[in-house]
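Raw target.csv, CSV, C-alpha atoms:
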```csv
chain,number,residue,atom,x,y,z
A,23,MET,CA,45.1,-32.9,6.1
A,24,SER,CA,48.3,-34.7,6.1
A,25,GLU,CA,48.8,-38.3,4.9
A,26,SER,CA,49.1,-39.4,8.6
A,27,LEU,CA,45.5,-38.3,9.2
A,28,ASN,CA,44.1,-40.1,6.2
A,29,LEU,CA,41.7,-42.5,7.8
A,30,ASP,CA,41.8,-45.0,4.9
A,31,HIS,CA,45.6,-45.0,5.3
A,32,LEU,CA,45.3,-45.6,9.0
A,33,GLU,CA,43.0,-48.5,8.5
A,34,ARG,CA,45.3,-50.0,5.9
A,35,GLN,CA,48.2,-49.7,8.3
A,36,ALA,CA,46.2,-51.6,10.9
A,37,TRP,CA,45.4,-54.4,8.4
A,38,ARG,CA,49.0,-54.6,7.2
A,39,ARG,CA,50.3,-54.8,10.8
A,40,ASP,CA,47.7,-57.5,11.7
A,41,ALA,CA,48.6,-59.5,8.6
A,42,SER,CA,52.4,-59.3,9.3
A,43,ASP,CA,52.4,-62.7,11.0
A,44,GLY,CA,51.5,-64.7,7.9
A,45,LEU,CA,48.9,-66.6,9.9
A,46,MET,CA,46.2,-66.1,7.2
A,47,GLU,CA,48.3,-67.8,4.5
A,48,PHE,CA,49.4,-70.5,6.9
A,49,LEU,CA,45.9,-71.5,7.9
A,50,ALA,CA,44.7,-71.2,4.3
A,51,GLY,CA,47.5,-73.6,3.2
A,52,ILE,CA,46.3,-76.2,5.8
A,53,LEU,CA,42.7,-75.8,4.6
A,54,PHE,CA,43.7,-76.3,1.0
A,55,PHE,CA,45.6,-79.5,1.9
A,56,PHE,CA,42.4,-80.8,3.5
A,57,VAL,CA,40.4,-79.8,0.3
A,58,ALA,CA,42.9,-81.7,-1.8
A,59,ARG,CA,42.5,-84.8,0.5
A,60,ALA,CA,38.8,-84.5,0.4
A,61,MET,CA,38.9,-84.5,-3.4
A,62,VAL,CA,40.3,-88.1,-3.4
A,63,ASP,CA,37.4,-89.4,-1.4
A,64,PRO,CA,33.9,-88.0,-1.9
A,65,HIS,CA,33.0,-89.2,1.6
A,66,LEU,CA,35.4,-86.6,3.0
A,67,ALA,CA,33.9,-83.7,1.0
A,68,TRP,CA,32.3,-82.2,4.2
A,69,VAL,CA,35.7,-82.0,6.0
A,70,PRO,CA,36.9,-78.7,4.7
A,71,ALA,CA,33.6,-77.0,5.4
A,72,LEU,CA,33.7,-78.4,9.0
A,73,LEU,CA,37.3,-77.1,9.3
A,74,LEU,CA,36.2,-73.5,9.0
A,75,PHE,CA,35.1,-73.5,12.6
A,76,PRO,CA,38.3,-74.9,14.2
A,77,MET,CA,40.2,-72.4,11.9
A,78,ARG,CA,38.8,-69.5,13.9
A,79,TRP,CA,39.9,-71.2,17.1
A,80,ALA,CA,43.3,-71.9,15.6
A,81,ASN,CA,43.7,-68.3,14.5
A,82,ARG,CA,43.0,-67.1,18.0
A,83,PHE,CA,45.3,-69.7,19.5
A,84,PHE,CA,48.3,-68.7,17.4
A,85,LYS,CA,47.5,-64.9,17.7
A,86,GLU,CA,47.4,-65.2,21.5
A,87,ARG,CA,50.7,-67.1,21.7
A,88,PHE,CA,52.8,-65.5,18.9
A,89,THR,CA,51.3,-62.3,17.5
A,90,TRP,CA,49.7,-60.3,20.4
A,91,PRO,CA,52.7,-60.6,22.7
A,92,ARG,CA,54.9,-59.1,19.9
A,93,ILE,CA,52.8,-56.4,18.2
A,94,GLY,CA,49.7,-56.1,20.4
A,95,TYR,CA,46.1,-56.9,19.8
A,96,VAL,CA,43.8,-55.3,17.3
A,97,LYS,CA,40.2,-56.2,16.3
A,98,LEU,CA,39.7,-54.8,12.8
A,99,LYS,CA,36.3,-53.3,11.8
A,100,SER,CA,33.9,-55.9,10.4
A,101,GLU,CA,32.2,-55.2,7.1
A,102,ASP,CA,28.6,-54.3,6.9
A,103,SER,CA,27.1,-57.8,6.6
A,104,LYS,CA,24.5,-56.8,4.0
A,105,ASP,CA,26.9,-55.0,1.6
A,106,PHE,CA,29.6,-57.7,2.2
A,107,GLY,CA,27.1,-60.5,1.4
A,108,ARG,CA,26.0,-58.7,-1.8
A,109,GLY,CA,29.6,-58.1,-2.8
A,110,VAL,CA,30.5,-61.7,-2.3
A,111,LEU,CA,27.5,-62.9,-4.3
A,112,THR,CA,28.2,-60.5,-7.1
A,113,TYR,CA,31.8,-61.6,-7.3
A,114,LEU,CA,30.8,-65.3,-7.4
A,115,ALA,CA,28.2,-64.6,-10.1
A,116,VAL,CA,30.8,-62.8,-12.3
A,117,VAL,CA,33.3,-65.6,-11.9
A,118,PHE,CA,30.6,-68.2,-12.8
A,119,VAL,CA,29.6,-66.3,-15.9
A,120,ILE,CA,33.3,-66.1,-17.0
A,121,TYR,CA,33.6,-69.8,-16.3
A,122,LEU,CA,30.5,-70.5,-18.5
A,123,ALA,CA,32.0,-68.3,-21.2
A,124,LEU,CA,35.3,-70.2,-21.1
A,125,LEU,CA,33.5,-73.5,-21.1
A,126,TRP,CA,31.5,-72.4,-24.1
A,127,VAL,CA,34.5,-71.2,-26.1
A,128,PHE,CA,37.2,-73.8,-25.2
A,129,GLY,CA,35.2,-76.8,-24.1
A,130,ASP,CA,31.8,-78.4,-24.5
A,131,ILE,CA,29.2,-76.8,-22.2
A,132,THR,CA,27.0,-79.9,-22.5
A,133,SER,CA,29.7,-82.3,-21.5
A,134,PHE,CA,30.1,-83.3,-17.8
A,135,GLN,CA,33.7,-84.1,-18.6
A,136,SER,CA,34.3,-80.5,-19.7
A,137,TRP,CA,32.7,-79.1,-16.5
A,138,ARG,CA,35.0,-81.3,-14.5
A,139,GLN,CA,38.1,-80.4,-16.4
A,140,TRP,CA,37.5,-76.7,-16.0
A,141,LEU,CA,36.6,-77.0,-12.3
A,142,PRO,CA,40.0,-75.7,-11.1
A,143,THR,CA,39.4,-72.5,-13.0
A,144,LEU,CA,36.1,-72.0,-11.3
A,145,MET,CA,37.5,-72.8,-7.9
A,146,GLY,CA,40.5,-70.5,-8.5
A,147,GLY,CA,38.2,-67.7,-9.5
A,148,PHE,CA,36.0,-68.3,-6.4
A,149,CYS,CA,38.9,-68.5,-3.9
A,150,SER,CA,40.8,-65.6,-5.4
A,151,GLY,CA,37.9,-63.4,-4.0
A,152,GLY,CA,39.2,-63.9,-0.5
A,153,PHE,CA,42.7,-62.9,-1.4
A,154,PHE,CA,41.5,-59.9,-3.4
A,155,PHE,CA,39.5,-58.8,-0.4
A,156,ALA,CA,42.6,-59.0,1.8
A,157,ALA,CA,44.7,-57.3,-0.8
A,158,GLY,CA,42.2,-54.5,-1.1
A,159,LYS,CA,42.3,-53.9,2.6
A,160,SER,CA,46.1,-54.3,3.2
A,161,ARG,CA,47.5,-53.5,-0.3
A,162,LEU,CA,50.1,-56.1,0.5
A,163,ALA,CA,51.9,-57.4,-2.7
A,164,ARG,CA,51.8,-61.0,-1.5
A,165,HIS,CA,48.0,-60.9,-1.2
A,166,TYR,CA,47.7,-59.7,-4.8
A,167,ALA,CA,50.2,-62.3,-5.8
A,168,LEU,CA,48.2,-65.1,-4.1
A,169,ALA,CA,45.0,-63.9,-5.7
A,170,ILE,CA,46.5,-64.0,-9.2
A,171,PHE,CA,48.2,-67.3,-8.5
A,172,CYS,CA,44.9,-68.8,-7.4
A,173,ILE,CA,43.4,-68.0,-10.8
A,174,ALA,CA,46.5,-68.7,-12.9
A,175,TRP,CA,47.1,-72.1,-11.2
A,176,GLY,CA,43.4,-72.9,-11.7
A,177,LEU,CA,43.8,-72.3,-15.4
A,178,VAL,CA,47.0,-74.4,-15.6
A,179,CYS,CA,45.3,-77.3,-13.8
A,180,SER,CA,42.4,-77.1,-16.2
A,181,LEU,CA,44.5,-77.9,-19.2
A,182,PRO,CA,44.8,-81.5,-20.2
A,183,ALA,CA,47.9,-83.0,-18.5
A,184,GLU,CA,48.6,-86.5,-19.6
A,185,PRO,CA,51.6,-87.3,-17.3
A,186,PHE,CA,49.5,-86.7,-14.2
A,187,SER,CA,47.2,-89.3,-12.8
A,188,THR,CA,45.7,-87.0,-10.2
A,189,PRO,CA,42.6,-84.9,-11.2
A,190,GLY,CA,43.2,-81.2,-12.0
A,191,ILE,CA,41.1,-80.0,-9.0
A,192,GLN,CA,43.3,-82.0,-6.6
A,193,ARG,CA,46.5,-80.7,-8.2
A,194,TRP,CA,45.1,-77.2,-7.9
A,195,ALA,CA,44.2,-77.6,-4.2
A,196,LEU,CA,47.6,-79.2,-3.4
A,197,GLY,CA,49.6,-76.5,-5.3
A,198,LEU,CA,47.6,-73.7,-3.7
A,199,GLY,CA,48.0,-75.3,-0.2
A,200,LEU,CA,51.7,-75.7,-0.7
A,201,VAL,CA,52.3,-72.1,-1.9
A,202,ASN,CA,50.1,-70.7,0.9
A,203,LEU,CA,51.8,-72.8,3.6
A,204,LEU,CA,55.3,-71.9,2.5
A,205,THR,CA,54.4,-68.2,2.2
A,206,GLY,CA,52.8,-68.3,5.7
A,207,VAL,CA,55.9,-70.0,7.2
A,208,ALA,CA,58.3,-67.6,5.5
A,209,VAL,CA,56.3,-64.5,6.6
A,210,PHE,CA,56.0,-65.9,10.1
A,211,VAL,CA,59.8,-66.5,10.5
A,212,ARG,CA,60.4,-63.0,9.4
A,213,PHE,CA,57.8,-61.7,11.8
A,214,VAL,CA,59.3,-63.6,14.8
A,215,ARG,CA,62.8,-62.3,13.9
A,216,ARG,CA,61.6,-58.7,13.5
A,217,TYR,CA,59.3,-58.4,16.5
A,218,PRO,CA,60.6,-59.6,19.9
A,219,VAL,CA,58.1,-60.5,22.6
A,220,ARG,CA,57.1,-57.5,24.7
A,221,GLU,CA,54.7,-59.1,27.1
A,222,ALA,CA,55.5,-56.6,29.9
A,223,GLU,CA,54.3,-53.8,27.8
A,224,ALA,CA,51.4,-55.7,26.3
A,225,GLY,CA,49.9,-56.0,29.7
A,226,ASP,CA,49.7,-52.3,30.3
A,227,GLU,CA,48.0,-49.9,31.1
B,26,MET,CA,25.9,-6.9,7.0
B,27,SER,CA,28.4,-8.2,9.6
B,28,ASN,CA,28.9,-6.5,12.9
B,29,PRO,CA,32.5,-5.5,13.3
B,30,ASP,CA,32.3,-6.0,17.1
B,31,ARG,CA,31.3,-9.6,16.9
B,32,PRO,CA,33.9,-12.4,16.3
B,33,ALA,CA,34.1,-13.6,12.7
B,34,ASP,CA,32.1,-16.8,12.2
B,35,ASP,CA,35.0,-18.6,10.6
B,36,LEU,CA,37.2,-18.0,13.7
B,37,LYS,CA,34.3,-18.8,16.0
B,38,ASN,CA,34.2,-22.3,14.3
B,39,LEU,CA,37.9,-22.7,15.0
B,40,THR,CA,37.6,-21.8,18.7
B,41,GLY,CA,34.6,-24.1,18.9
B,42,LEU,CA,36.6,-27.2,18.1
B,43,ASP,CA,36.8,-29.9,20.8
B,44,LYS,CA,40.0,-29.1,22.6
B,45,LEU,CA,40.2,-32.5,24.2
B,46,ILE,CA,40.6,-34.1,20.7
B,47,HIS,CA,42.5,-31.2,19.3
B,48,GLU,CA,45.7,-32.1,21.1
B,49,PRO,CA,47.9,-34.0,18.5
B,50,GLY,CA,48.5,-37.1,20.6
B,51,ARG,CA,44.9,-37.5,21.5
B,52,LEU,CA,43.9,-36.8,17.9
B,53,ALA,CA,46.2,-39.6,16.7
B,54,VAL,CA,44.6,-42.0,19.3
B,55,MET,CA,41.0,-41.0,18.4
B,56,ALA,CA,41.8,-41.3,14.6
B,57,PHE,CA,43.2,-44.7,15.1
B,58,LEU,CA,40.4,-46.0,17.3
B,59,TYR,CA,37.9,-44.6,14.8
B,60,VAL,CA,39.2,-47.0,12.1
B,61,VAL,CA,39.3,-50.2,14.2
B,62,GLU,CA,36.9,-51.9,16.5
B,63,GLU,CA,39.2,-52.2,19.5
B,64,THR,CA,42.9,-52.5,20.2
B,65,ASP,CA,45.3,-52.8,23.1
B,66,PHE,CA,48.0,-50.5,24.6
B,67,LEU,CA,50.9,-52.0,22.8
B,68,PHE,CA,49.3,-51.8,19.3
B,69,LEU,CA,48.1,-48.3,20.0
B,70,MET,CA,51.6,-47.2,21.2
B,71,ASP,CA,53.2,-48.5,18.0
B,72,GLN,CA,50.7,-47.1,15.7
B,73,THR,CA,50.6,-43.6,17.3
B,74,GLY,CA,54.3,-43.4,18.1
B,75,LEU,CA,53.5,-42.1,21.6
B,76,THR,CA,55.6,-43.0,24.6
B,77,ARG,CA,54.1,-45.2,27.3
B,78,GLY,CA,53.6,-42.3,29.8
B,79,ASN,CA,52.1,-40.0,27.2
B,80,LEU,CA,49.7,-42.6,26.0
B,81,SER,CA,48.6,-43.5,29.5
B,82,ALA,CA,47.9,-39.9,30.3
B,83,HIS,CA,45.9,-39.4,27.0
B,84,MET,CA,43.9,-42.5,27.5
B,85,ALA,CA,43.0,-41.4,31.1
B,86,LYS,CA,41.7,-38.1,29.8
B,87,LEU,CA,39.8,-39.6,26.9
B,88,SER,CA,38.3,-42.2,29.1
B,89,GLY,CA,37.3,-39.5,31.7
B,90,ALA,CA,35.5,-37.6,29.0
B,91,GLY,CA,33.5,-40.7,28.0
B,92,TYR,CA,35.1,-41.0,24.6
B,93,VAL,CA,37.0,-44.3,25.1
B,94,ASP,CA,35.8,-47.4,26.8
B,95,ILE,CA,38.5,-49.3,28.7
B,96,SER,CA,38.3,-53.1,29.4
B,97,LYS,CA,40.7,-55.1,31.5
B,98,MET,CA,41.1,-58.8,31.1
B,99,PHE,CA,43.6,-61.7,31.3
B,100,VAL,CA,44.9,-63.6,28.3
B,101,GLY,CA,46.6,-66.6,29.9
B,102,ASN,CA,48.6,-65.0,32.7
B,103,VAL,CA,49.1,-61.7,30.9
B,104,PRO,CA,46.8,-58.7,31.8
B,105,ARG,CA,45.5,-57.0,28.7
B,106,THR,CA,43.8,-53.6,28.5
B,107,THR,CA,41.7,-53.0,25.4
B,108,TYR,CA,40.4,-49.7,24.2
B,109,ARG,CA,37.4,-48.9,22.0
B,110,LEU,CA,35.6,-45.7,21.0
B,111,THR,CA,32.3,-45.2,22.7
B,112,ASP,CA,29.4,-43.9,20.6
B,113,ALA,CA,29.9,-40.5,22.2
B,114,GLY,CA,33.6,-40.6,21.2
B,115,ARG,CA,32.8,-41.7,17.7
B,116,ALA,CA,30.3,-38.8,17.3
B,117,ALA,CA,32.8,-36.3,18.9
B,118,PHE,CA,35.5,-37.4,16.5
B,119,LYS,CA,33.2,-37.1,13.5
B,120,ALA,CA,32.1,-33.6,14.6
B,121,TYR,CA,35.7,-32.5,15.2
B,122,ARG,CA,36.8,-33.7,11.8
B,123,GLN,CA,33.9,-32.0,10.0
B,124,GLY,CA,34.4,-28.8,12.1
B,125,LEU,CA,38.1,-28.7,11.2
B,126,VAL,CA,37.5,-29.4,7.5
B,127,ASP,CA,34.8,-26.6,7.4
B,128,THR,CA,37.0,-24.1,9.2
B,129,LEU,CA,40.0,-24.8,7.0
B,130,ASN,CA,37.8,-24.5,3.9
B,131,ALA,CA,36.3,-21.3,5.1
B,132,LEU,CA,39.7,-19.8,5.7
B,133,GLY,CA,40.7,-20.4,2.1
B,134,ASP,CA,44.3,-20.0,0.8
```

Show me the file's structure as structure tokens.
Amino acid sequence: MSESLNLDHLERQAWRRDASDGLMEFLAGILFFFVARAMVDPHLAWVPALLLFPMRWANRFFKERFTWPRIGYVKLKSEDSKDFGRGVLTYLAVVFVIYLALLWVFGDITSFQSWRQWLPTLMGGFCSGGFFFAAGKSRLARHYALAIFCIAWGLVCSLPAEPFSTPGIQRWALGLGLVNLLTGVAVFVRFVRRYPVREAEAGDE
Amino acid sequence: MSNPDRPADDLKNLTGLDKLIHEPGRLAVMAFLYVVEETDFLFLMDQTGLTRGNLSAHMAKLSGAGYVDISKMFVGNVPRTTYRLTDAGRAAFKAYRQGLVDTLNALGD
């Protein structure tokens, strides 16, 4: 069968098209800014978790106003929840084992200070899973780049940095938030320029 | 021993393919709907490369056969029609795909 009838290819095309508005990066950027803010004040630690719910609403709000009138609406297939859950847990476990190994080799596994210092690496590893998942579905270069940046920036923020007064985990969240937000805005601007509103057609048929 | 008066099994498989799906435009629509949960007219038109008129006609046929479920709604003031494969449509596409692969394999080089 020809490439155009390859079902994986078709699914990838749908993912790429749906991700062409940069909304995922934009909203992830905002979320990471809130994470950074919450790191300053332990009383605000619950805020990012609570934000996950309005994020779904915000995603739909923006899609309805900007994305669907331009390229149409698509609901992508959801993953089998059992397999997906198992995959996520396996990924998190692998990242945690690597984190322990790094801590054992480069730090002091018995010291709370070491655990805190290397926390950005752990968070970078955890969060990269989301970007790797998106990259696996869309095969978009920017998703791979964000996944790698997530880990690399985590490592950088784990290294001792005397000139900075802010904790590494906060620098990690701020940097990641900024990169995601800028990526999202750049992709969105390109998207709006490339695809004009076609509401009359969208309403059919 | 095969009977020379009976049609060859390999060719019988070919003529047994679902003709409703076999049309290239409808095959494209069915294949795309198979990999997503649901979509609307605009997205489907862009992904399949079909014209508005063609797509409308194909969707009417697929819906009439019970392969596609059509829902109409309003998003703000804009009417939106969404399409999704029914269970029958999903099964028909799976059978068509398998039938085509089997037939092509049986025909050989």

What are the closest atom pairs, with distances in Å to one decimal, for each residue of chain B lying within 8 Å of segment 95-105 of chain A, using all atoms listed in the file, rows by chain and rising residue number, as CSV?
```
residue,atom,partner,partner_atom,distance
B:Val60,CA,A:Lys99,CA,6.9
B:Val61,CA,A:Leu98,CA,4.8
B:Glu62,CA,A:Lys99,CA,4.9
B:Glu63,CA,A:Lys97,CA,5.2
B:Thr64,CA,A:Val96,CA,4.1
B:Asp65,CA,A:Tyr95,CA,5.3
B:Leu67,CA,A:Tyr95,CA,7.5
B:Phe68,CA,A:Tyr95,CA,6.0
```

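Minimum atom-to-atom distances from A:Phe56, A:Phe171, A:Phe106, A:Trp90 to chain B were compared using all atoms listed in the file, and the lowest value belongs to A:Trp90.
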
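Restricting the calculation to all atoms listed in the file, the smallest distance between Val57 of chain A and any of A:Asn202, A:Thr143, A:Gln135, A:Gln192 is found for A:Gln192.
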
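Among the candidate residues B:Tyr92, B:Phe57, B:Phe99, B:Phe66, the one lying nearest to Thr111 of chain B is B:Tyr92, with distances computed using only C-alpha atoms.
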
Expected residue set, 7 Å radius at (40.0, -52.5, 26.0), all atoms listed in the file, as a VMD selection string: chain B and resid 63 to 65 94 to 97 106 to 109

With distances taken over only C-alpha atoms, which residue among A:Arg78, A:Arg215, A:Arg220, A:Arg193 lies nearest chain B? A:Arg220

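The two atoms in question, atom CA of Arg87 of chain A and atom CA of Phe154 of chain A, are spaced 27.7 Å apart.
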
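Pairwise distance (atom CA of Gly114 of chain B, atom CA of Met55 of chain B) equals 7.9 Å.
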
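The coordinates place atom CA of Pro142 of chain A at 4.9 Å from atom CA of Ile191 of chain A.
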
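Here the question is which of A:Leu72, A:Ile173, A:Val127, A:Leu204 gets nearest to Cys149 of chain A using all atoms listed in the file, and that residue is A:Ile173.
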
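Residues lying within 10 Å of Gly44 of chain A, counting all atoms listed in the file and ignoring same-chain neighbours fewer than 2 positions away, are Asp40, Ala41, Ser42, Met46, Glu47, Phe48, Leu49, Thr89, Asn202, Leu203, Leu204, Thr205, Gly206, Val207, Ala208, Val209, Phe210, Val211, Arg212 and Phe213 of chain A.
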
I want to know what sits within 8 Å of segment 110-124 of chain A, based on all atoms listed in the file, with residues of the same chain fewer than 6 positions away left out; could you give that as an mmCIF file with C-alpha atoms, in the coordinates of the input?
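So the final result, stored in result04.cif, reads:
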```cif
data_model
loop_
_atom_site.group_PDB
_atom_site.id
_atom_site.type_symbol
_atom_site.label_atom_id
_atom_site.label_comp_id
_atom_site.auth_asym_id
_atom_site.auth_seq_id
_atom_site.Cartn_x
_atom_site.Cartn_y
_atom_site.Cartn_z
ATOM 1 C CA ILE A 131 29.200 -76.800 -22.200
ATOM 2 C CA TRP A 140 37.500 -76.700 -16.000
ATOM 3 C CA THR A 143 39.400 -72.500 -13.000
ATOM 4 C CA LEU A 144 36.100 -72.000 -11.300
ATOM 5 C CA GLY A 147 38.200 -67.700 -9.500
ATOM 6 C CA PHE A 148 36.000 -68.300 -6.400
ATOM 7 C CA GLY A 151 37.900 -63.400 -4.000
#
```
